[in-house]
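Structure file work.pdb; described as PDB, C-alpha atoms.
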```pdb
ATOM      1  CA  MET A  11      20.554  62.333  88.753
ATOM      2  CA  LYS A  12      22.515  61.714  85.634
ATOM      3  CA  ASN A  13      22.257  65.369  84.559
ATOM      4  CA  ARG A  14      23.279  66.486  88.053
ATOM      5  CA  LYS A  15      26.461  64.353  87.868
ATOM      6  CA  VAL A  16      27.344  65.834  84.490
ATOM      7  CA  ALA A  17      26.862  69.331  85.874
ATOM      8  CA  PHE A  18      29.114  68.587  88.847
ATOM      9  CA  LEU A  19      31.766  67.184  86.518
ATOM     10  CA  LEU A  20      31.649  70.289  84.325
ATOM     11  CA  ILE A  21      31.847  72.650  87.310
ATOM     12  CA  GLY A  22      34.790  70.670  88.691
ATOM     13  CA  SER A  23      36.603  70.845  85.370
ATOM     14  CA  PHE A  24      36.087  74.592  85.158
ATOM     15  CA  LEU A  25      37.409  75.037  88.708
ATOM     16  CA  VAL A  26      40.526  72.991  87.957
ATOM     17  CA  LEU A  27      41.103  74.944  84.750
ATOM     18  CA  ALA A  28      40.636  78.277  86.543
ATOM     19  CA  MET A  29      43.077  77.328  89.285
ATOM     20  CA  PHE A  30      45.581  76.178  86.678
ATOM     21  CA  LEU A  31      45.292  79.434  84.733
ATOM     22  CA  ARG A  32      45.552  81.500  87.916
ATOM     23  CA  GLY A  33      48.732  79.648  88.852
ATOM     24  CA  CYS A  34      50.192  80.373  85.433
ATOM     25  CA  VAL A  35      49.411  84.066  85.754
ATOM     26  CA  ILE A  36      50.861  84.232  89.275
ATOM     27  CA  ASN A  37      53.970  82.334  88.243
ATOM     28  CA  SER A  38      54.307  84.488  85.158
ATOM     29  CA  GLY A  39      54.009  87.648  87.270
ATOM     30  CA  GLU A  40      56.568  86.379  89.741
ATOM     31  CA  ASN A  41      58.967  85.577  86.929
ATOM     32  CA  VAL A  42      58.546  89.032  85.423
ATOM     33  CA  THR A  43      59.189  90.624  88.803
ATOM     34  CA  ASP A  44      62.207  88.420  89.399
ATOM     35  CA  ASP A  45      63.566  89.156  85.938
ATOM     36  CA  THR A  46      63.132  92.887  86.465
ATOM     37  CA  GLU A  47      64.873  92.794  89.833
ATOM     38  CA  THR A  48      67.647  90.595  88.476
ATOM     39  CA  SER A  49      68.136  92.962  85.548
ATOM     40  CA  ALA A  50      68.323  95.957  87.896
ATOM     41  CA  VAL A  51      70.844  94.176  90.105
ATOM     42  CA  LYS A  52      72.944  93.261  87.085
ATOM     43  CA  GLU A  53      72.869  96.885  85.856
ATOM     44  CA  LYS A  54      73.879  98.091  89.311
ATOM     45  CA  GLN A  55      76.701  95.575  89.404
ATOM     46  CA  LYS A  56      77.853  96.867  86.048
ATOM     47  CA  GLU A  57      77.716 100.480  87.186
ATOM     48  CA  ASN A  58      79.373 100.118  90.581
ATOM     49  CA  PRO A  59      82.709  98.696  89.384
ATOM     50  CA  GLU A  60      82.858 101.452  86.779
ATOM     51  CA  GLU A  61      82.318 104.132  89.401
ATOM     52  CA  LYS A  62      84.875 102.492  91.670
ATOM     53  CA  ASP A  63      87.413 102.319  88.851
ATOM     54  CA  ILE A  64      86.935 106.012  88.141
ATOM     55  CA  GLN A  65      87.331 106.907  91.814
ATOM     56  CA  ASP A  66      90.418 104.737  92.054
ATOM     57  CA  THR A  67      92.143 106.857  89.414
ATOM     58  CA  TYR A  68      91.973 110.028  91.509
ATOM     59  CA  ARG A  69      95.135 111.161  93.264
ATOM     60  CA  THR A  70      96.024 114.183  95.368
ATOM     61  CA  VAL A  71      97.748 117.368  94.315
ATOM     62  CA  LYS A  72      99.933 118.803  97.067
ATOM     63  CA  CYS A  73     101.011 122.417  97.153
ATOM     64  CA  ILE A  74     103.900 124.396  98.629
ATOM     65  CA  SER A  75     103.733 128.194  98.579
ATOM     66  CA  LEU A  76     106.968 129.800  99.725
ATOM     67  CA  CYS A  77     105.213 133.153 100.074
ATOM     68  CA  ASP A  78     103.133 131.615 102.839
ATOM     69  CA  LEU A  79     106.283 130.301 104.522
ATOM     70  CA  TYR A  80     108.620 133.286 104.239
ATOM     71  CA  ASP A  81     109.553 135.192 107.348
ATOM     72  CA  TYR A  82     109.652 138.666 105.833
ATOM     73  CA  GLU A  83     111.768 139.959 108.708
ATOM     74  CA  ASP A  84     114.459 137.338 108.081
ATOM     75  CA  ASP A  85     116.698 137.557 104.997
ATOM     76  CA  LEU A  86     117.825 133.965 105.520
ATOM     77  CA  SER A  87     114.236 132.823 105.103
ATOM     78  CA  LEU A  88     113.761 135.024 102.026
ATOM     79  CA  GLN A  89     116.858 133.466 100.445
ATOM     80  CA  ASN A  90     114.803 130.330  99.842
ATOM     81  CA  GLY A  91     113.639 132.170  96.717
ATOM     82  CA  VAL A  92     116.324 134.113  94.838
ATOM     83  CA  TYR A  93     116.559 135.816  91.445
ATOM     84  CA  SER A  94     119.523 137.279  89.589
ATOM     85  CA  VAL A  95     120.804 138.262  86.156
ATOM     86  CA  ILE A  96     124.130 136.621  85.387
ATOM     87  CA  THR A  97     126.515 137.712  82.679
ATOM     88  CA  ASP A  98     129.376 135.209  82.871
ATOM     89  CA  SER A  99     130.393 131.842  84.286
ATOM     90  CA  GLU A 100     131.872 133.424  87.408
ATOM     91  CA  SER A 101     128.601 135.074  88.450
ATOM     92  CA  GLU A 102     126.750 131.879  87.590
ATOM     93  CA  GLU A 103     128.968 129.808  89.888
ATOM     94  CA  ALA A 104     128.509 132.377  92.640
ATOM     95  CA  PHE A 105     124.735 132.087  92.309
ATOM     96  CA  LEU A 106     124.788 128.285  92.399
ATOM     97  CA  ALA A 107     126.898 128.431  95.566
ATOM     98  CA  TYR A 108     123.843 129.789  97.388
ATOM     99  CA  PHE A 109     122.068 126.494  96.700
ATOM    100  CA  TYR A 110     124.593 123.701  96.153
ATOM    101  CA  THR A 111     127.862 122.631  97.677
ATOM    102  CA  GLU A 112     130.501 120.753  95.685
ATOM    103  CA  SER A 113     129.422 117.465  97.277
ATOM    104  CA  ASP A 114     125.738 117.856  96.356
ATOM    105  CA  SER A 115     124.371 115.859  93.453
ATOM    106  CA  PHE A 116     121.611 117.019  91.153
ATOM    107  CA  ASP A 117     119.894 116.202  87.884
ATOM    108  CA  VAL A 118     120.294 118.488  84.901
ATOM    109  CA  ILE A 119     117.437 119.069  82.458
ATOM    110  CA  GLU A 120     117.985 121.157  79.336
ATOM    111  CA  GLU A 121     115.238 121.958  76.878
ATOM    112  CA  ALA A 122     114.510 124.963  74.666
ATOM    113  CA  ASP A 123     116.592 127.812  76.137
ATOM    114  CA  ALA A 124     116.176 126.706  79.757
ATOM    115  CA  LYS A 125     118.460 124.731  82.050
ATOM    116  CA  ILE A 126     117.290 123.143  85.309
ATOM    117  CA  LEU A 127     119.386 121.813  88.191
ATOM    118  CA  LYS A 128     117.190 119.716  90.444
ATOM    119  CA  GLY A 129     118.449 117.981  93.586
ATOM    120  CA  SER A 130     118.820 118.441  97.329
ATOM    121  CA  SER A 131     121.135 120.159  99.774
ATOM    122  CA  ASP A 132     121.235 120.435 103.546
ATOM    123  CA  GLY A 133     117.975 118.522 103.984
ATOM    124  CA  LYS A 134     115.970 120.586 101.499
ATOM    125  CA  ASN A 135     114.961 120.095  97.895
ATOM    126  CA  VAL A 136     116.644 122.533  95.532
ATOM    127  CA  PHE A 137     115.405 123.808  92.181
ATOM    128  CA  VAL A 138     117.507 126.180  90.072
ATOM    129  CA  VAL A 139     116.513 127.253  86.568
ATOM    130  CA  SER A 140     118.128 129.670  84.142
ATOM    131  CA  PHE A 141     116.759 131.121  80.918
ATOM    132  CA  SER A 142     119.255 132.147  78.248
ATOM    133  CA  GLU A 143     118.558 135.105  76.047
ATOM    134  CA  ASN A 144     120.946 134.048  73.290
ATOM    135  CA  ASP A 145     122.810 131.013  71.965
ATOM    136  CA  ALA A 146     126.028 132.056  73.711
ATOM    137  CA  GLY A 147     124.332 131.418  77.065
ATOM    138  CA  TYR A 148     124.620 134.902  78.597
ATOM    139  CA  LEU A 149     122.606 136.984  79.565
ATOM    140  CA  LYS A 150     120.851 134.510  81.838
ATOM    141  CA  TYR A 151     117.882 135.101  84.075
ATOM    142  CA  VAL A 152     118.275 132.680  86.934
ATOM    143  CA  TYR A 153     115.965 131.630  89.773
ATOM    144  CA  GLY A 154     116.743 129.375  92.713
ATOM    145  CA  PHE A 155     114.420 127.850  95.311
ATOM    146  CA  LYS A 156     114.844 125.733  98.428
ATOM    147  CA  TYR A 157     111.847 123.949  99.894
ATOM    148  CA  SER A 158     110.868 121.020 102.083
ATOM    149  CA  PRO A 159     108.311 118.428 100.914
ATOM    150  CA  ASP A 160     107.135 118.301 104.540
ATOM    151  CA  ASP A 161     105.581 121.737 103.975
ATOM    152  CA  ALA A 162     103.302 120.414 101.226
ATOM    153  CA  ILE A 163      99.576 120.468 101.941
ATOM    154  CA  VAL A 164      96.864 118.585 100.060
ATOM    155  CA  GLU A 165      95.310 121.197  97.802
ATOM    156  CA  ALA A 166      93.211 119.312  95.248
ATOM    157  CA  LYS A 167      92.612 115.997  93.506
ATOM    158  CA  TYR A 168      93.013 115.030  89.871
ATOM    159  CA  ASP A 169      92.218 112.143  87.560
ATOM    160  CA  SER A 170      95.550 110.377  87.084
ATOM    161  CA  SER A 171      94.173 108.331  84.176
ATOM    162  CA  LYS A 172      94.153 111.465  82.016
ATOM    163  CA  LYS A 173      97.158 112.217  79.871
ATOM    164  CA  GLY A 174      98.783 115.397  78.686
ATOM    165  CA  ASP A 175      96.790 118.618  78.938
ATOM    166  CA  GLU A 176      93.623 116.668  79.797
ATOM    167  CA  ILE A 177      94.833 116.530  83.408
ATOM    168  CA  PHE A 178      94.198 120.264  83.827
ATOM    169  CA  ASP A 179      90.523 119.818  82.981
ATOM    170  CA  GLU A 180      90.058 117.147  85.653
ATOM    171  CA  VAL A 181      91.368 118.885  88.779
ATOM    172  CA  TYR A 182      88.934 119.417  91.657
ATOM    173  CA  SER A 183      89.116 121.116  95.032
ATOM    174  CA  LEU A 184      88.612 118.968  98.098
ATOM    175  CA  ASN A 185      84.916 119.909  98.283
ATOM    176  CA  GLY A 186      84.394 118.488  94.779
ATOM    177  CA  GLU A 187      84.165 121.781  92.895
ATOM    178  CA  LYS A 188      86.254 122.617  89.852
ATOM    179  CA  TYR A 189      89.728 123.820  90.839
ATOM    180  CA  ASP A 190      89.795 127.032  88.797
ATOM    181  CA  LEU A 191      93.249 128.096  89.993
ATOM    182  CA  PHE A 192      94.723 125.562  87.590
ATOM    183  CA  ASP A 193      93.483 127.641  84.659
ATOM    184  CA  SER A 194      96.352 130.071  85.228
ATOM    185  CA  ILE A 195      99.008 127.356  85.019
ATOM    186  CA  LYS A 196      97.443 125.336  82.216
ATOM    187  CA  PRO A 197      99.777 125.617  79.200
ATOM    188  CA  LEU A 198      97.112 126.955  76.821
ATOM    189  CA  LEU A 199      93.495 128.035  77.165
ATOM    190  CA  ASP A 200      90.702 127.700  74.612
ATOM    191  CA  TYR A 201      90.000 131.415  74.260
ATOM    192  CA  GLN A 202      93.611 132.370  73.519
ATOM    193  CA  GLU A 203      94.766 133.165  69.990
ATOM    194  CA  LYS A 204      97.704 130.894  69.182
ATOM    195  CA  THR A 205     100.593 130.882  66.737
ATOM    196  CA  TYR A 206     102.361 127.536  66.424
ATOM    197  CA  VAL A 207     106.044 127.408  65.560
ATOM    198  CA  LYS A 208     107.386 124.097  64.272
ATOM    199  CA  ASP A 209     110.770 122.648  63.394
ATOM    200  CA  ASN A 210     110.989 119.383  61.440
ATOM    201  CA  ASN A 211     107.214 119.020  61.858
ATOM    202  CA  LYS A 212     107.521 119.167  65.640
ATOM    203  CA  ILE A 213     105.992 121.883  67.801
ATOM    204  CA  VAL A 214     108.788 124.019  69.237
ATOM    205  CA  LYS A 215     106.713 126.743  70.825
ATOM    206  CA  VAL A 216     103.296 128.353  70.831
ATOM    207  CA  GLU A 217     102.868 132.103  71.176
ATOM    208  CA  TYR A 218      99.484 133.154  72.536
ATOM    209  CA  SER A 219      97.466 136.227  73.447
ATOM    210  CA  ALA A 220      93.998 137.177  74.618
ATOM    211  CA  ASP A 221      91.937 140.343  74.914
ATOM    212  CA  PRO A 222      92.871 141.827  78.333
ATOM    213  CA  LYS A 223      89.606 143.793  78.454
ATOM    214  CA  GLU A 224      87.616 140.583  78.265
ATOM    215  CA  HIS A 225      89.884 138.151  80.143
ATOM    216  CA  GLY A 226      92.080 140.403  82.298
ATOM    217  CA  THR A 227      95.757 141.316  81.968
ATOM    218  CA  TYR A 228      97.099 138.371  83.986
ATOM    219  CA  ASN A 229      98.400 135.742  81.537
ATOM    220  CA  SER A 230      97.040 137.808  78.644
ATOM    221  CA  SER A 231     100.084 136.912  76.543
ATOM    222  CA  GLY A 232     102.938 134.450  76.668
ATOM    223  CA  THR A 233     104.892 131.653  75.019
ATOM    224  CA  VAL A 234     104.806 127.928  75.723
ATOM    225  CA  TYR A 235     108.022 126.061  74.908
ATOM    226  CA  TYR A 236     107.922 122.330  74.146
ATOM    227  CA  ASP A 237     110.413 119.539  74.759
ATOM    228  CA  GLU A 238     111.583 116.975  72.206
ATOM    229  CA  ARG A 239     108.557 114.796  72.940
ATOM    230  CA  GLU A 240     106.282 117.766  72.145
ATOM    231  CA  ARG A 241     105.172 118.168  75.744
ATOM    232  CA  PRO A 242     104.902 121.607  77.358
ATOM    233  CA  PHE A 243     108.218 122.200  79.122
ATOM    234  CA  TYR A 244     107.797 125.751  80.316
ATOM    235  CA  LYS A 245     105.901 128.904  79.579
ATOM    236  CA  SER A 246     106.693 132.562  80.195
ATOM    237  CA  TYR A 247     103.735 134.874  80.560
ATOM    238  CA  TYR A 248     102.730 138.417  81.355
ATOM    239  CA  SER A 249     101.667 139.746  84.723
ATOM    240  CA  THR A 250     101.596 143.358  85.888
ATOM    241  CA  SER A 251     104.246 142.575  88.530
ATOM    242  CA  GLY A 252     106.658 141.212  85.927
ATOM    243  CA  THR A 253     107.248 138.123  83.811
ATOM    244  CA  ARG A 254     106.220 134.821  85.344
ATOM    245  CA  TYR A 255     107.221 131.281  84.441
ATOM    246  CA  THR A 256     105.627 127.871  84.732
ATOM    247  CA  ILE A 257     107.809 124.750  84.535
ATOM    248  CA  TYR A 258     106.278 121.338  83.788
ATOM    249  CA  LEU A 259     108.272 118.291  84.902
ATOM    250  CA  TYR A 260     107.541 114.637  84.100
ATOM    251  CA  ASN A 261     108.467 111.315  85.670
ATOM    252  CA  THR A 262     110.241 108.454  83.884
ATOM    253  CA  GLU A 263     106.890 107.148  82.597
ATOM    254  CA  GLY A 264     106.201 110.504  80.964
ATOM    255  CA  ASP A 265     103.466 111.564  83.390
ATOM    256  CA  LEU A 266     103.231 115.095  84.751
ATOM    257  CA  ASN A 267     104.939 115.009  88.117
ATOM    258  CA  GLN A 268     105.662 118.565  89.310
ATOM    259  CA  ILE A 269     104.796 122.131  88.392
ATOM    260  CA  PHE A 270     106.731 125.219  89.463
ATOM    261  CA  ASP A 271     104.979 128.558  88.964
ATOM    262  CA  PHE A 272     107.051 131.615  89.893
ATOM    263  CA  GLY A 273     108.236 135.102  89.065
ATOM    264  CA  GLY A 274     106.990 138.648  89.389
ATOM    265  CA  LEU A 275     108.552 141.278  91.623
ATOM    266  CA  PRO A 276     110.936 140.159  94.396
ATOM    267  CA  TYR A 277     110.341 141.242  97.956
ATOM    268  CA  LYS A 278     113.705 143.020  98.313
ATOM    269  CA  GLU A 279     117.396 143.070  97.393
ATOM    270  CA  LEU A 280     119.745 141.019  99.509
ATOM    271  CA  GLU A 281     121.537 143.325 101.909
ATOM    272  CA  GLY A 282     125.224 143.519 100.992
ATOM    273  CA  ASP A 283     124.672 141.972  97.542
ATOM    274  CA  PRO A 284     122.393 144.076  95.309
ATOM    275  CA  SER A 285     122.854 141.581  92.456
ATOM    276  CA  LEU A 286     120.492 139.190  94.265
ATOM    277  CA  ASP A 287     116.770 139.719  94.701
ATOM    278  CA  ILE A 288     115.148 137.621  97.423
ATOM    279  CA  GLY A 289     111.639 136.626  98.461
ATOM    280  CA  ILE A 290     110.535 135.459  95.010
ATOM    281  CA  ASP A 291     106.958 134.228  94.700
ATOM    282  CA  VAL A 292     106.777 130.517  93.871
ATOM    283  CA  THR A 293     104.097 127.852  94.121
ATOM    284  CA  ILE A 294     105.073 124.207  93.717
ATOM    285  CA  TYR A 295     102.509 121.541  92.834
ATOM    286  CA  LEU A 296     103.326 117.872  93.510
ATOM    287  CA  PHE A 297     101.241 115.203  91.779
ATOM    288  CA  GLU A 298     100.744 111.966  93.673
ATOM    289  CA  ARG A 299     101.220 108.893  91.477
TER     290      ARG A 299
END
```
Rewritten as structure tokens:
Amino acid sequence: MKNRKVAFLLIGSFLVLAMFLRGCVINSGENVTDDTETSAVKEKQKENPEEKDIQDTYRTVKCISLCDLYDYEDDLSLQNGVYSVITDSESEEAFLAYFYTESDSFDVIEEADAKILKGSSDGKNVFVVSFSENDAGYLKYVYGFKYSPDDAIVEAKYDSSKKGDEIFDEVYSLNGEKYDLFDSIKPLLDYQEKTYVKDNNKIVKVEYSADPKEHGTYNSSGTVYYDERERPFYKSYYSTSGTRYTIYLYNTEGDLNQIFDFGGLPYKELEGDPSLDIGIDVTIYLFER
């Protein structure tokens, strides 16, 4: 009897110990699982705000193409895009009269050898730019455009957190693919050979070229002119239909705000005034901020 009691006591002790150890293993396993799940949740929580922040920086790029809006049977419509060569102040004033009245107000921007008059008239936005060929101011090649912001359509999206030229590398079409059309209006491209011209250690302009056999003739050569803050102000570049220009405008915070890309051959001369060419190709990009 005595031995039987001892045996029962030993068996009971082993059972208690086994249950205790099993509980430890189960608890340990539960803790590991909980820790793993908690860690995954924490990582997800870390990732999600980051993704949201990145998405929150995207803004739209709106586009206005006057070529899509011209009525090619109506000279009045084609006069929304005009080009001329002016040789004196009188012809310059006559050109401006097509776009501004004496009561209209506008901002004036002068950088490099370009002068911009930007304002509004008769319910439309007005953009007039002249390029001087010499220090005296004449000859001038002058372009004028009238457009309505209501005609702008959402064309793409861009990462507004990017600064300077980085913006052009972060522009996407609405289906999420890279917006390659911006390559043609980007100030400089990686494959181009560049010659930098400086004044007082500041970049004044960059002349560039590329092999037309490899990259095509469009934009195969040109010059980018910089403003006093060493930002691209405008570029002139080659196309088979004639010289084209791209103007880069910035808001008061220094962020890229608008792009005007225009030039090439006009549609026709204005009837009764052969000094004016009308129906000029222009695309205007508006950056939401």
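Proximity ranking of A:Asn185, A:Thr293, A:Asn267, A:Thr227 relative to Asp161 of chain A places A:Thr293 first, based on all atoms listed in the file.
Checking A:Lys172, A:Lys134, A:Arg241, A:Lys167 one by one against Tyr295 of chain A, counting all atoms listed in the file, you find the shortest gap at A:Lys167.
In this model, the gap between atom CA of Gly264 of chain A and atom CA of Pro242 of chain A comes to 11.7 Å.
Coordinates place atom CA of Asn229 of chain A at a distance of 7.1 Å from atom CA of Ser194 of chain A.
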**Study point:** Between atom CA of Lys204 of chain A and atom CA of Arg239 of chain A - distance in Å to one decimal
**Key:** 19.8 Å
Exercise for review: Rank nothing, just name the residue among A:Cys73, A:Phe272, A:Gly289, A:Leu266 nearest to Ser170 of chain A, using only C-alpha atoms.
Suggested key: A:Leu266
Review point. Could you write out as number ranges by chain the residues that the PyMOL selection byres ((chain A and resi 102) around 12) matches in the shown file?
Key: A: 93-101, 103-109, 138-140, 142, 147-154, 285-286
Practice item. For Tyr110 of chain A, list every protein, DNA or RNA residue within 12 Å, evaluated using only C-alpha atoms, and leave out those in the same chain fewer than 6 positions away; present the list as a ChimeraX atom specification. Key: /A:103-104,116,127-138,154-156
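Each of A:Asp169, A:Leu198, A:Tyr258, A:Ile126 was compared to Gly232 of chain A using all atoms listed in the file, and A:Leu198 turns out to be the nearest.
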Practice item. Using the chain letters and numbering of this document, enumerate as a PyMOL selection string the residues selected by the PyMOL selection byres ((chain A and resi 168) around 9). Key: chain A and resi 67-71+166-167+169-172+177-183+297
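For the set A:Cys77, A:Ile288, A:Ala122, A:Ile257, the residue with the smallest atom-to-atom gap to Pro197 of chain A is A:Ile257, counting all atoms listed in the file.
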Check your understanding: Between A:Tyr206, A:Tyr248, A:Phe243, A:Tyr82, which one has atoms that come closest to Ser231 of chain A, using only C-alpha atoms?
Key ->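 Closest to Ser231 of chain A, using only C-alpha atoms: A:Tyr248.
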Check your understanding: So which residues are close to (98.6, 140.9, 82.1), meaning at most 10 Å away in the file's coordinates with all atoms listed in the file counted, and can you show them as a PyMOL selection string?
Key -> chain A and resi 219-222+225-232+247-253
Exercise for review: Just the residues within 8 Å of segment 83-87 of chain A, please, counting all atoms listed in the file, with nothing from its chain fewer than 2 positions along; format it as an MDAnalysis selection string.
Suggested key: chainID A and resid 80:81 89:90 280 288
First collect every listed atom of segment 217-227 of chain A; then fit an axis-aligned box around them, widen it by 5 Å on each side, and give centre and edge lengths in Å to one decimal, as AutoDock Vina command-line options.
```
--center_x 95.2 --center_y 137.9 --center_z 76.7 --size_x 25.3 --size_y 21.7 --size_z 21.1
```
